[in-house]
>>> print(open('run12.cif').read())   # mmCIF, C-alpha atoms
data_upload
loop_
_atom_site.label_atom_id
_atom_site.label_comp_id
_atom_site.auth_asym_id
_atom_site.auth_seq_id
_atom_site.Cartn_x
_atom_site.Cartn_y
_atom_site.Cartn_z
CA MET A 289 0.00 0.00 0.00
CA THR A 290 1.39 3.40 -1.02
CA THR A 291 1.71 6.42 1.25
CA SER A 292 -1.24 8.10 -0.48
CA GLU A 293 -3.41 5.01 0.03
CA ASN A 294 -2.41 4.89 3.71
CA ILE A 295 -3.41 8.54 4.08
CA LEU A 296 -6.77 7.93 2.37
CA THR A 297 -7.41 4.94 4.64
CA ARG A 298 -6.68 7.10 7.69
CA ILE A 299 -8.99 9.82 6.38
CA ARG A 300 -11.81 7.28 6.03
CA GLU A 301 -11.15 6.04 9.56
CA LEU A 302 -11.30 9.62 10.87
CA GLN A 303 -14.59 10.18 9.03
CA GLU A 304 -16.02 7.08 10.69
CA GLU A 305 -14.82 8.35 14.08
CA PHE A 306 -16.45 11.71 13.34
CA GLU A 307 -19.77 10.03 12.50
CA ALA A 308 -19.58 7.99 15.70
CA ASP A 309 -18.99 11.19 17.67
CA LEU A 310 -22.02 12.79 16.00
CA ALA A 311 -24.12 9.81 17.05
CA ARG A 312 -23.00 10.29 20.67
CA ARG A 313 -23.88 13.98 20.46
CA ARG A 314 -27.35 13.18 19.11
CA ALA A 315 -27.96 11.12 22.23
CA ALA A 316 -26.60 13.90 24.47
CA PHE A 317 -28.83 16.56 22.88
CA ARG A 318 -31.77 14.14 22.79
CA TYR A 319 -32.79 14.04 19.18
CA GLY A 320 -33.05 11.47 16.42
CA ILE A 321 -33.67 11.25 12.69
CA GLU A 322 -37.08 9.89 11.65
CA ASP A 323 -37.92 9.65 7.93
CA GLY A 324 -35.20 12.19 7.21
CA ARG A 325 -36.59 14.70 9.74
CA VAL A 326 -34.96 15.80 12.98
CA VAL A 327 -37.11 15.04 16.03
CA PHE A 328 -36.25 16.35 19.51
CA GLU A 329 -37.68 15.03 22.74
CA ALA A 330 -40.60 17.20 23.92
CA GLU A 331 -38.77 18.53 27.00
CA MET A 332 -35.70 19.50 25.00
CA ARG A 333 -37.83 21.26 22.40
CA ARG A 334 -39.60 23.21 25.15
CA ARG A 335 -36.24 24.35 26.55
CA HIS A 336 -35.14 25.39 23.08
CA ARG A 337 -38.23 27.58 22.62
CA GLU A 338 -37.50 29.30 25.93
CA MET A 339 -33.99 30.18 24.74
CA ARG A 340 -35.09 31.70 21.43
CA VAL A 341 -34.23 35.40 20.96
CA ARG A 342 -37.26 37.21 19.56
CA LEU A 343 -36.88 38.67 16.10
CA LEU A 344 -37.24 42.34 17.13
CA THR A 345 -34.71 41.89 19.93
CA PHE A 346 -32.35 40.18 17.51
CA LEU A 347 -32.65 43.05 15.01
CA ARG A 348 -32.11 45.69 17.71
CA ARG A 349 -28.87 43.99 18.70
CA ALA A 350 -27.57 43.81 15.12
CA ARG A 351 -24.86 46.24 13.98
CA PRO A 352 -26.16 48.77 11.40
CA MET A 353 -23.45 47.81 8.91
CA THR A 354 -24.51 44.17 9.19
CA ILE A 355 -28.05 45.13 8.18
CA LEU A 356 -26.79 47.34 5.35
CA THR A 357 -24.66 44.54 3.88
CA ALA A 358 -27.50 41.97 4.04
CA PRO A 359 -28.73 42.67 0.46
CA VAL A 360 -25.23 41.91 -0.85
CA ILE A 361 -25.03 38.48 0.74
CA TYR A 362 -28.63 37.60 -0.14
CA SER A 363 -28.08 38.66 -3.78
CA MET A 364 -25.56 35.83 -4.09
CA ILE A 365 -28.50 33.42 -4.29
CA VAL A 366 -28.83 34.28 -8.00
CA PRO A 367 -25.37 33.04 -9.11
CA PHE A 368 -25.64 30.08 -6.72
CA VAL A 369 -28.94 28.94 -8.24
CA LEU A 370 -27.53 29.40 -11.75
CA LEU A 371 -24.44 27.41 -10.76
CA ASP A 372 -26.69 24.66 -9.37
CA LEU A 373 -28.71 24.59 -12.58
CA PHE A 374 -25.78 24.51 -14.99
CA VAL A 375 -23.65 22.03 -13.05
CA SER A 376 -26.62 19.69 -12.58
CA LEU A 377 -27.33 19.94 -16.31
CA TYR A 378 -23.67 19.27 -17.08
CA GLN A 379 -23.52 16.05 -15.09
CA ALA A 380 -26.94 14.91 -16.36
CA VAL A 381 -25.72 15.23 -19.95
CA CYS A 382 -22.03 14.31 -19.69
CA PHE A 383 -21.61 11.82 -16.85
CA PRO A 384 -23.67 9.07 -18.55
CA VAL A 385 -21.47 9.48 -21.64
CA TYR A 386 -18.28 9.16 -19.57
CA GLY A 387 -19.72 6.34 -17.47
CA ILE A 388 -19.25 8.34 -14.25
CA ASP A 389 -21.78 7.78 -11.47
CA LYS A 390 -23.85 10.91 -10.85
CA VAL A 391 -23.43 12.86 -7.64
CA ARG A 392 -26.54 12.97 -5.46
CA ARG A 393 -27.40 16.53 -4.41
CA ALA A 394 -29.09 15.22 -1.28
CA ASP A 395 -25.75 13.85 -0.05
CA PHE A 396 -24.36 17.39 0.09
CA ILE A 397 -27.21 19.87 0.43
CA ARG A 398 -28.80 19.48 3.85
CA ILE A 399 -31.59 21.83 4.91
CA ASP A 400 -32.33 20.90 8.52
CA ARG A 401 -31.27 23.71 10.84
CA HIS A 402 -34.65 25.44 10.55
CA HIS A 403 -36.05 22.68 12.78
CA LEU A 404 -34.17 24.17 15.74
CA ALA A 405 -36.70 25.84 18.02
CA TYR A 406 -34.11 28.16 19.63
CA LEU A 407 -33.67 30.03 16.34
CA ASN A 408 -35.96 32.89 15.35
CA ALA A 409 -37.41 33.28 11.84
CA LEU A 410 -34.51 35.31 10.44
CA GLN A 411 -31.90 32.99 11.92
CA LYS A 412 -33.73 30.03 10.38
CA LEU A 413 -33.77 31.77 6.99
CA ASN A 414 -30.03 32.44 7.28
CA CYS A 415 -29.38 28.82 8.16
CA VAL A 416 -31.42 27.58 5.19
CA TYR A 417 -29.44 29.94 2.96
CA CYS A 418 -26.05 28.83 4.31
CA GLY A 419 -27.01 25.17 4.26
CA TYR A 420 -27.96 25.42 0.61
CA CYS A 421 -24.98 27.50 -0.55
CA ASN A 422 -22.29 25.61 1.35
CA GLY A 423 -23.85 22.27 0.45
CA LEU A 424 -23.96 23.36 -3.18
CA ILE A 425 -20.24 24.16 -3.11
CA GLY A 426 -19.53 20.65 -1.83
CA TYR A 427 -21.82 19.18 -4.51
CA VAL A 428 -20.09 21.17 -7.25
CA GLN A 429 -16.64 20.25 -5.91
CA GLU A 430 -17.53 16.55 -6.03
CA ILE A 431 -18.72 16.83 -9.64
CA ALA A 432 -15.62 18.83 -10.56
CA GLY A 433 -13.39 16.33 -8.75
CA ARG A 434 -14.83 13.38 -10.64
CA THR A 435 -14.45 15.30 -13.88
CA GLU A 436 -10.81 16.11 -13.12
CA ALA A 437 -10.15 12.49 -12.15
CA TYR A 438 -11.54 11.40 -15.52
CA TRP A 439 -9.72 13.91 -17.73
CA CYS A 440 -6.60 15.16 -15.94
CA PRO A 441 -5.60 13.23 -12.80
CA ILE A 442 -2.25 14.99 -12.34
CA LYS A 443 -1.12 16.66 -9.13
CA HIS A 444 -0.10 20.32 -9.33
CA ALA A 445 3.55 21.32 -9.02
CA ALA A 446 2.81 23.80 -6.22
CA ARG A 447 0.86 23.22 -3.04
CA VAL A 448 -2.92 23.54 -3.35
CA GLY A 449 -4.86 25.15 -0.52
CA ALA A 450 -7.70 22.64 -0.62
CA HIS A 451 -8.43 19.66 -2.82
CA HIS A 452 -11.14 17.08 -3.39
CA ALA A 453 -11.15 13.44 -2.29
CA TYR A 454 -9.64 12.12 -5.54
CA TYR A 455 -6.58 14.37 -5.63
CA ALA A 456 -4.36 12.22 -3.40
CA GLN A 457 -4.49 9.39 -5.95
CA PHE A 458 -3.56 11.57 -8.92
CA VAL A 459 -0.32 11.00 -10.83
CA ASP A 460 2.70 12.97 -9.63
CA TYR A 461 3.55 16.13 -11.52
CA GLY A 462 6.25 15.33 -14.09
CA ASP A 463 5.71 11.55 -14.05
CA ALA A 464 5.39 11.06 -17.82
CA GLU A 465 5.73 7.28 -17.61
CA GLY A 466 3.06 7.01 -14.97
CA PHE A 467 0.52 9.29 -16.64
CA GLU A 468 -1.22 6.79 -18.94
CA PRO A 469 -1.48 4.01 -16.32
CA GLY A 470 -2.54 6.62 -13.76
CA LEU A 471 -5.22 7.96 -16.10
CA GLN A 472 -6.60 4.47 -16.61
CA ALA A 473 -6.57 3.80 -12.87
CA ALA A 474 -8.32 7.10 -12.09
CA ARG A 475 -11.04 6.39 -14.63
CA ARG A 476 -11.57 2.87 -13.33
CA ARG A 477 -12.07 4.23 -9.82
CA ILE A 478 -14.91 6.57 -10.79
CA THR A 479 -16.67 4.84 -13.70
CA ARG A 480 -18.82 1.82 -14.26
CA PRO A 481 -17.04 -1.14 -15.88
CA GLY A 482 -16.82 -0.85 -19.64
CA LEU A 483 -17.83 2.83 -19.75
CA SER A 484 -14.57 4.58 -18.86
CA GLY A 485 -13.46 5.36 -22.39
CA ILE A 486 -10.28 3.35 -21.71
CA ALA A 487 -9.61 0.03 -23.36
CA PRO A 488 -9.58 -2.87 -20.88
CA GLU A 489 -6.21 -4.16 -19.78
CA ASP A 490 -4.90 -7.39 -21.29
#
>>> encode(input="run12.cif", output="structure tokens")
Amino acid sequence: MTTSENILTRIRELQEEFEADLARRRAAFRYGIEDGRVVFEAEMRRRHREMRVRLLTFLRRARPMTILTAPVIYSMIVPFVLLDLFVSLYQAVCFPVYGIDKVRRADFIRIDRHHLAYLNALQKLNCVYCGYCNGLIGYVQEIAGRTEAYWCPIKHAARVGAHHAYYAQFVDYGDAEGFEPGLQAARRRITRPGLSGIAPED
């Protein structure tokens, strides 16, 4: 097993540990997931309602400049929705041709914070907005990552600030001999058998 594969294995182990920790926290905060919906115990929900800051109080506490900049941040919904539309259309049209499994939006875009009773109406709206936009970025990154793994699985020469889950298995920069085998391997990892666009190995 290579160093990159060892790192990826460790990352998966850490993700599993993270999910286990989330499960413990669900028990501590007394809620569960039923049919995809968050359900708190009645007593916990009552306590949450008592802790909610009323909307007018919340607005009075807000800094004037925060209120004045609100239209700017909310206007970003237009390019985000357009990005969602075009990227979803791209994968719907192209991924079947390449044989790449489609990315499920629901795996990335989670809208659930508005169920929290300790948030007022504006806070819930903000949380819906952030949940959608940040989830969309993850969704787009996954589609882009699979695309890059299919067409150009080569590491960059310089350090990259953040990268997707496939990057660690890309071919090293400058490895001319390893490029073609690495390209085949990358495509096999993300495509259905026989649909990678690469001839099968002998």
>>> resolve_selection(input="run12.cif", expression="the PyMOL selection byres ((chain A and resi 365-370) around 10)", output="list of chain:residue names")
A:Val360, A:Ile361, A:Tyr362, A:Ser363, A:Met364, A:Leu371, A:Asp372, A:Leu373, A:Phe374, A:Val375, A:Ser376, A:Tyr417, A:Tyr420, A:Cys421, A:Asn422, A:Leu424, A:Ile425
>>> closest_residue(input="run12.cif", among="A:Leu471, A:Val385, A:Ala450, A:Leu404", to="A:Arg333", atoms="all atoms listed in the file")
A:Leu404
>>> resolve_selection(input="run12.cif", expression="the PyMOL selection byres ((chain A and resi 313-320) around 12)", output="ChimeraX atom specification")
/A:306-312,321-333,335-336,403-404
>>> residues_around(input="run12.cif", residues="A:Glu468", least_positions_apart="5", cutoff="12 Å", atoms="all atoms listed in the file", output="ChimeraX atom specification")
/A:438-442,458-460,463,473-475,486-487
>>> resolve_selection(input="run12.cif", expression="the PyMOL selection byres ((chain A and resi 340) around 6)", output="PDB file with C-alpha atoms, in the frame of the given file")
ATOM      1  CA  ARG A 337     -38.230  27.580  22.620  1.00  0.00           C
ATOM      2  CA  GLU A 338     -37.500  29.300  25.930  1.00  0.00           C
ATOM      3  CA  MET A 339     -33.990  30.180  24.740  1.00  0.00           C
ATOM      4  CA  VAL A 341     -34.230  35.400  20.960  1.00  0.00           C
ATOM      5  CA  TYR A 406     -34.110  28.160  19.630  1.00  0.00           C
ATOM      6  CA  LEU A 407     -33.670  30.030  16.340  1.00  0.00           C
TER       7      LEU A 407
END
>>> atom_distance(input="run12.cif", atom1="atom CA of A:Gly419", atom2="atom CA of A:Arg398")
6.0 Å
>>> atom_distance(input="run12.cif", atom1="atom CA of A:Gly449", atom2="atom CA of A:Gly433")
14.8 Å
>>> axis_aligned_box(input="run12.cif", around="stretch 366-370 of chain A", padding_each_side="4 Å", output="AutoDock Vina command-line options")
--center_x -27.2 --center_y 31.6 --center_z -9.2 --size_x 11.6 --size_y 13.3 --size_z 13.0
>>> atom_distance(input="run12.cif", atom1="atom CA of A:Asp389", atom2="atom CA of A:Glu304")
22.9 Å
>>> closest_residue(input="run12.cif", among="A:Leu377, A:Leu344, A:Arg480, A:Glu293", to="A:Tyr454", atoms="only C-alpha atoms")
A:Glu293
>>> closest_residue(input="run12.cif", among="A:Ala445, A:Gly470, A:Ala394, A:Tyr386", to="A:Gly423", atoms="all atoms listed in the file")
A:Ala394
>>> residues_near_point(input="run12.cif", point="(-20.9, 6.4, -13.5)", cutoff="7 Å", atoms="only C-alpha atoms", output="list in words")
Phe383, Pro384, Gly387, Ile388, Asp389, Lys390, Ile478, Thr479 and Arg480 of chain A
